[in-house]
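K.L.:
Structure file final.tsv (TSV, C-alpha atoms) is given on the next line.
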```
chain	number	residue	atom	x	y	z
X	1	MET	CA	-10.51	0.48	-19.31
X	2	PHE	CA	-7.88	-1.25	-17.15
X	3	PRO	CA	-7.18	-4.76	-18.47
X	4	GLY	CA	-6.19	-6.21	-15.09
X	5	ARG	CA	-7.75	-6.57	-11.67
X	6	LYS	CA	-8.55	-3.94	-9.06
X	7	ILE	CA	-8.08	-5.37	-5.58
X	8	LYS	CA	-9.30	-3.69	-2.41
X	9	LEU	CA	-6.82	-3.42	0.46
X	10	THR	CA	-7.65	-2.73	4.10
X	11	ILE	CA	-4.63	-1.06	5.67
X	12	ALA	CA	-3.54	-0.31	9.24
X	13	TYR	CA	-0.52	1.75	10.23
X	14	ASP	CA	1.19	3.67	12.98
X	15	GLY	CA	1.85	6.99	11.28
X	16	THR	CA	4.43	8.25	13.78
X	17	GLU	CA	7.35	7.87	11.36
X	18	TYR	CA	5.46	8.92	8.22
X	19	HIS	CA	4.81	12.23	6.49
X	20	GLY	CA	1.21	11.31	5.79
X	21	TRP	CA	-0.36	9.01	3.23
X	22	GLN	CA	0.37	10.63	-0.14
X	23	ILE	CA	3.70	10.19	-1.94
X	24	GLN	CA	5.96	13.21	-1.45
X	25	PRO	CA	9.44	13.23	-3.00
X	26	GLY	CA	12.13	13.03	-0.34
X	27	PHE	CA	9.77	11.92	2.44
X	28	ARG	CA	8.71	8.55	3.80
X	29	THR	CA	4.96	8.14	3.31
X	30	VAL	CA	2.53	5.27	3.79
X	31	GLN	CA	1.64	5.21	0.09
X	32	SER	CA	5.30	5.08	-0.91
X	33	VAL	CA	6.13	2.07	1.29
X	34	LEU	CA	3.00	0.27	0.04
X	35	CYS	CA	3.96	0.92	-3.59
X	36	GLU	CA	7.52	-0.26	-2.91
X	37	ALA	CA	6.23	-3.45	-1.26
X	38	ALA	CA	3.78	-4.14	-4.09
X	39	THR	CA	6.45	-3.52	-6.72
X	40	ALA	CA	8.85	-5.90	-4.95
X	41	LEU	CA	6.19	-8.60	-4.52
X	42	LEU	CA	4.75	-8.41	-8.03
X	43	ARG	CA	8.09	-7.62	-9.71
X	44	SER	CA	6.67	-4.77	-11.74
X	45	PRO	CA	5.96	-1.09	-11.03
X	46	THR	CA	2.73	-1.05	-9.03
X	47	ARG	CA	0.72	1.82	-7.61
X	48	VAL	CA	-1.47	1.71	-4.54
X	49	VAL	CA	-4.24	4.32	-4.37
X	50	GLY	CA	-5.96	5.33	-1.13
X	51	ALA	CA	-9.62	6.15	-0.64
X	52	SER	CA	-8.55	8.99	1.65
X	53	ARG	CA	-5.38	10.59	2.97
X	54	THR	CA	-3.90	11.18	6.39
X	55	ASP	CA	-1.55	13.89	7.58
X	56	ALA	CA	1.91	13.43	9.05
X	57	GLY	CA	1.93	11.42	12.26
X	58	VAL	CA	-1.68	10.22	11.93
X	59	HIS	CA	-2.47	6.53	12.51
X	60	ALA	CA	-5.10	4.47	10.71
X	61	ASN	CA	-6.90	1.19	11.29
X	62	GLY	CA	-9.06	0.13	8.37
X	63	GLN	CA	-8.01	2.65	5.73
X	64	VAL	CA	-9.17	1.47	2.32
X	65	GLY	CA	-6.85	1.31	-0.65
X	66	LEU	CA	-6.78	-0.15	-4.13
X	67	ILE	CA	-4.11	-1.94	-6.09
X	68	LYS	CA	-4.32	-2.33	-9.85
X	69	THR	CA	-2.46	-5.31	-11.25
X	70	THR	CA	-2.33	-7.72	-14.14
X	71	HIS	CA	-0.30	-10.15	-12.01
X	72	PRO	CA	-2.02	-13.52	-11.48
X	73	ILE	CA	-1.27	-13.68	-7.73
X	74	PRO	CA	-4.24	-15.17	-5.86
X	75	VAL	CA	-6.05	-12.48	-3.87
X	76	GLU	CA	-5.72	-14.51	-0.67
X	77	HIS	CA	-1.91	-14.44	-1.05
X	78	LEU	CA	-1.62	-10.73	-1.80
X	79	ALA	CA	-1.92	-9.45	1.79
X	80	LEU	CA	0.46	-12.10	3.11
X	81	GLY	CA	2.99	-11.26	0.44
X	82	LEU	CA	2.71	-7.51	0.94
X	83	ASN	CA	3.17	-7.86	4.69
X	84	GLU	CA	6.46	-9.71	4.08
X	85	PHE	CA	7.81	-6.60	2.31
X	86	LEU	CA	6.21	-3.93	4.52
X	87	PRO	CA	7.83	-2.38	7.60
X	88	ARG	CA	6.42	-3.47	10.98
X	89	ASP	CA	4.36	-0.29	11.38
X	90	VAL	CA	2.24	-0.91	8.24
X	91	ALA	CA	0.00	-3.93	7.65
X	92	VAL	CA	-2.52	-5.08	5.05
```
Rewrite the structure of this file - the entire thing - as structure tokens.
P.N.:
Amino acid sequence: MFPGRKIKLTIAYDGTEYHGWQIQPGFRTVQSVLCEAATALLRSPTRVVGASRTDAGVHANGQVGLIKTTHPIPVEHLALGLNEFLPRDVAV
């Protein structure tokens, strides 16, 4: 059992510059930029998991994701903090 919190994310993105949702070595993906933003914000390796995937170039508005963390950041500050680290074409 995970000792931390599982926090739902609602994500929107313009997928034009991305090779889909799922992390792929050597390619920019939505999941990879979300994980990088979460890791920078929470200052520890953090994984973001999606409820579904999209292909290269596909946009989304309302995609559901999950972040697992033991960090005490208030939930209401998580989206604001992530958006500070995310590129302009991805938002939580």
K.L.:
Could you give me, as a PyMOL selection string, the residues within 9 Å of X:Val30, counting all atoms listed in the file and dropping anything in the same chain fewer than 6 positions from it?
P.N.:
chain X and resi 13+15+18-23+90
K.L.:
Produce the centre coordinates and the three edge lengths, each in Å to one decimal, of the box along x, y and z that contains all listed atoms of stretch 53-61 of chain X with 5 Å added on each side, as JSON.
P.N.:
```
{"center_x": -2.5, "center_y": 7.5, "center_z": 7.7, "size_x": 18.8, "size_y": 22.7, "size_z": 19.5}
```
K.L.:
Between X:Ile11, X:Val92, X:Val48, X:Leu42, which residue has the minimum interatomic distance to X:Ile73, considering only C-alpha atoms?
P.N.:
X:Leu42
K.L.:
May I have the residues at most 7 Å from (-8.7, 2.1, 3.7) in the file's coordinates, counting all atoms listed in the file, as JSON, numbers by chain?
P.N.:
{"X": [9, 10, 11, 50, 51, 62, 63, 64, 65]}
K.L.:
Point out the residue among X:Pro87, X:Ile67, X:Leu78, X:Arg5 with the least atom-to-atom distance to X:Arg28, counting only C-alpha atoms.
P.N.:
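Of X:Pro87, X:Ile67, X:Leu78, X:Arg5, the one nearest X:Arg28, counting only C-alpha atoms, is X:Pro87.
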K.L.:
For a quick check of your reading of the model, name the residues lying within 6 Å of the coordinate (3.0, 9.7, 13.3), counting only C-alpha atoms, and write them as a ChimeraX atom specification.
P.N.:
/X:15-18,56-58
K.L.:
Would you work out the distance separating atom CA of X:Gln24 from atom CA of X:Thr39, expressed in Å to one decimal?
P.N.:
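Atom CA of X:Gln24 sits 17.5 Å away from atom CA of X:Thr39.
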K.L.:
Using Å and a single decimal, report how far atom CA of X:Arg88 sits from atom CA of X:Ala37.
P.N.:
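Separating atom CA of X:Ala37 from atom CA of X:Arg88 is a distance of 12.2 Å.
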K.L.:
Calculated over all atoms listed in the file, which of the candidates X:Glu36, X:Leu41, X:His59, X:Ile7 has the smallest distance to X:Glu76?
P.N.:
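Selected residue with least distance to X:Glu76: X:Ile7.
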K.L.:
Working from the structure I just supplied, which lacks atoms in stretch 7-39 of chain X, can you model N, CA and C atoms there and output them as a short mmCIF file (atom, residue, chain, number, x, y, z; two decimals), in the coordinates of the input?
P.N.:
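Final output, saved to part-v1.cif:
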```
data_model
loop_
_atom_site.label_atom_id
_atom_site.label_comp_id
_atom_site.auth_asym_id
_atom_site.auth_seq_id
_atom_site.Cartn_x
_atom_site.Cartn_y
_atom_site.Cartn_z
N ILE X 7 -7.93 -4.63 -6.82
CA ILE X 7 -8.08 -5.37 -5.58
C ILE X 7 -8.11 -4.41 -4.41
N LYS X 8 -9.15 -4.53 -3.60
CA LYS X 8 -9.30 -3.69 -2.41
C LYS X 8 -8.32 -4.15 -1.33
N LEU X 9 -7.69 -3.16 -0.67
CA LEU X 9 -6.82 -3.42 0.46
C LEU X 9 -7.39 -2.72 1.68
N THR X 10 -7.31 -3.36 2.83
CA THR X 10 -7.65 -2.73 4.10
C THR X 10 -6.33 -2.60 4.85
N ILE X 11 -5.98 -1.38 5.20
CA ILE X 11 -4.63 -1.06 5.67
C ILE X 11 -4.68 -0.47 7.08
N ALA X 12 -3.71 -0.89 7.90
CA ALA X 12 -3.54 -0.31 9.24
C ALA X 12 -2.10 0.16 9.36
N TYR X 13 -1.90 1.28 10.03
CA TYR X 13 -0.52 1.75 10.23
C TYR X 13 -0.41 2.69 11.41
N ASP X 14 0.80 2.70 11.97
CA ASP X 14 1.19 3.67 12.98
C ASP X 14 1.91 4.76 12.20
N GLY X 15 1.32 5.92 12.12
CA GLY X 15 1.85 6.99 11.28
C GLY X 15 2.94 7.83 11.89
N THR X 16 3.43 7.45 13.07
CA THR X 16 4.43 8.25 13.78
C THR X 16 5.63 8.61 12.91
N GLU X 17 6.13 7.66 12.15
CA GLU X 17 7.35 7.87 11.36
C GLU X 17 7.08 8.27 9.91
N TYR X 18 5.83 8.63 9.61
CA TYR X 18 5.46 8.92 8.22
C TYR X 18 5.01 10.36 8.04
N HIS X 19 5.25 10.88 6.85
CA HIS X 19 4.81 12.23 6.49
C HIS X 19 3.48 12.16 5.75
N GLY X 20 2.54 11.43 6.36
CA GLY X 20 1.21 11.31 5.79
C GLY X 20 1.09 10.15 4.83
N TRP X 21 -0.06 10.10 4.16
CA TRP X 21 -0.36 9.01 3.23
C TRP X 21 0.30 9.23 1.87
N GLN X 22 0.05 10.39 1.27
CA GLN X 22 0.37 10.63 -0.14
C GLN X 22 1.87 10.72 -0.40
N ILE X 23 2.29 10.15 -1.54
CA ILE X 23 3.70 10.19 -1.94
C ILE X 23 4.17 11.64 -2.04
N GLN X 24 5.32 11.90 -1.40
CA GLN X 24 5.96 13.21 -1.45
C GLN X 24 7.45 12.96 -1.67
N PRO X 25 8.02 13.46 -2.74
CA PRO X 25 9.44 13.23 -3.00
C PRO X 25 10.30 13.63 -1.80
N GLY X 26 11.21 12.74 -1.43
CA GLY X 26 12.13 13.03 -0.34
C GLY X 26 11.60 12.71 1.04
N PHE X 27 10.35 12.23 1.14
CA PHE X 27 9.77 11.92 2.44
C PHE X 27 9.24 10.49 2.46
N ARG X 28 9.28 9.89 3.62
CA ARG X 28 8.71 8.55 3.80
C ARG X 28 7.21 8.70 4.03
N THR X 29 6.41 8.08 3.17
CA THR X 29 4.96 8.14 3.31
C THR X 29 4.39 6.72 3.28
N VAL X 30 3.18 6.58 3.77
CA VAL X 30 2.53 5.27 3.79
C VAL X 30 2.33 4.77 2.36
N GLN X 31 1.86 5.62 1.48
CA GLN X 31 1.64 5.21 0.09
C GLN X 31 2.95 4.76 -0.56
N SER X 32 4.03 5.45 -0.28
CA SER X 32 5.30 5.08 -0.91
C SER X 32 5.79 3.72 -0.45
N VAL X 33 5.67 3.39 0.85
CA VAL X 33 6.13 2.07 1.29
C VAL X 33 5.21 0.97 0.78
N LEU X 34 3.92 1.25 0.63
CA LEU X 34 3.00 0.27 0.04
C LEU X 34 3.33 0.02 -1.43
N CYS X 35 3.60 1.08 -2.17
CA CYS X 35 3.96 0.92 -3.59
C CYS X 35 5.27 0.16 -3.73
N GLU X 36 6.24 0.46 -2.87
CA GLU X 36 7.52 -0.26 -2.91
C GLU X 36 7.32 -1.74 -2.61
N ALA X 37 6.50 -2.05 -1.61
CA ALA X 37 6.23 -3.45 -1.26
C ALA X 37 5.52 -4.17 -2.39
N ALA X 38 4.53 -3.53 -2.99
CA ALA X 38 3.78 -4.14 -4.09
C ALA X 38 4.67 -4.36 -5.30
N THR X 39 5.53 -3.40 -5.59
CA THR X 39 6.45 -3.52 -6.72
C THR X 39 7.43 -4.67 -6.49
#
```
